[in-house]
Every structure is written in C-alpha cells, then in structure tokens.
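Student: Supplied in structure tokens, the structure appears directly below.
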Amino acid sequence: RQCQARGAAVILFEIPCGLITDPTRGVFREVAREHGAWLIPDTAIRKLVFCSPAFPPCRWGWLPQLSDDGIHPNSRGNRALAIAVRDAIRELNLPESEDR
C-alpha cells in the first residue's frame, strides 16, 4: 500500500511452496487482486523444476536450470526468471525505468 501510495507499480512474483501440493496456493493471487497489484504467476518457477538435475529432461540432454540442490536456480535459471519478469512487465505495458 505504501509503495502504491507513492505511485509505484507493485508486481508480485508468485512462488510455489510445493511441487504437487501447495498449502499457500492462491495466496499471492488473492493479495494481488485485493490490492490491485500485478502478478507474475508461478509458471516461470515451475518450468525451472523440469530442468532440475533430478528430473528426466536433464537426463535427456537438457541443460539444468537449477543448482545441484534441486531448489535454487543456477545462472541459466536466473536468466530464465529475469526473462519471465521482463516479458511480464512488457505485457503489462508498464513504463520502463530510465535508470538502466
């Protein structure tokens, strides 16, 4: 609310707290809807899981996007997340910062 009161665009990045079941599922969406914030759905993060060293696609030759712990993104994963955020901002037609 304080950020919005100062004219800032607020964007929430939905983070899943479980792969199959997620006890917090929908909380980010609810908060975004309640406060008029934009939401980047957890799809971007869930895609990283399929490029985890523990999942078959990596065994088929895909490059892993998660570190060896299977939880945190590596440099490729961070790049994929940054691209997802950039694309979401572009879709929202938000003005880009001039401080690049």
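Note on naming: chains are A, B, ... as they come in the structure tokens, residues start from 1 per chain, ligands start from 1 in the order shown.
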For the structure I just gave you, how does DSSP split stretch 5-44 of chain A - specifically, which residues are helix (DSSP H, G or I)? Reply as an mmCIF file with C-alpha atoms, in the first residue's frame.

Tutor:
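Result saved to part_5.cif:
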```cif
data_model
loop_
_atom_site.group_PDB
_atom_site.id
_atom_site.type_symbol
_atom_site.label_atom_id
_atom_site.label_comp_id
_atom_site.auth_asym_id
_atom_site.auth_seq_id
_atom_site.Cartn_x
_atom_site.Cartn_y
_atom_site.Cartn_z
ATOM 1 C CA ALA A 5 0.595 5.428 -2.388
ATOM 2 C CA VAL A 27 -2.416 -16.511 -1.592
ATOM 3 C CA PHE A 28 -0.315 -14.360 -3.936
ATOM 4 C CA ARG A 29 -3.214 -14.114 -6.375
ATOM 5 C CA GLU A 30 -5.588 -13.128 -3.598
ATOM 6 C CA VAL A 31 -3.231 -10.413 -2.307
ATOM 7 C CA ALA A 32 -2.643 -9.079 -5.830
ATOM 8 C CA ARG A 33 -6.366 -8.946 -6.515
ATOM 9 C CA GLU A 34 -7.160 -7.361 -3.137
ATOM 10 C CA HIS A 35 -4.548 -4.610 -3.506
ATOM 11 C CA THR A 43 4.633 -20.839 -14.112
ATOM 12 C CA ALA A 44 8.144 -19.433 -14.641
#
```

Student: In terms of the shortest atom-to-atom distance over only C-alpha atoms, which of A:Arg86, A:Asp22, A:Gln65, A:Ala37 is closest to A:Gly7?

Tutor: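 Of A:Arg86, A:Asp22, A:Gln65, A:Ala37, the one nearest A:Gly7 is A:Ala37, counting only C-alpha atoms.
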
Student: What lies within 6 Å of A:Leu39 using only C-alpha atoms, ignoring chain neighbours under 2 positions off, as a VMD selection string?

Tutor: chain A and resid 11 to 13 41

Student: Give the answer as one residue: which of A:Gly26, A:Trp38, A:Leu92, A:Leu48 has the shortest atom-to-atom distance to A:Arg79, using only C-alpha atoms?

Tutor: A:Leu48
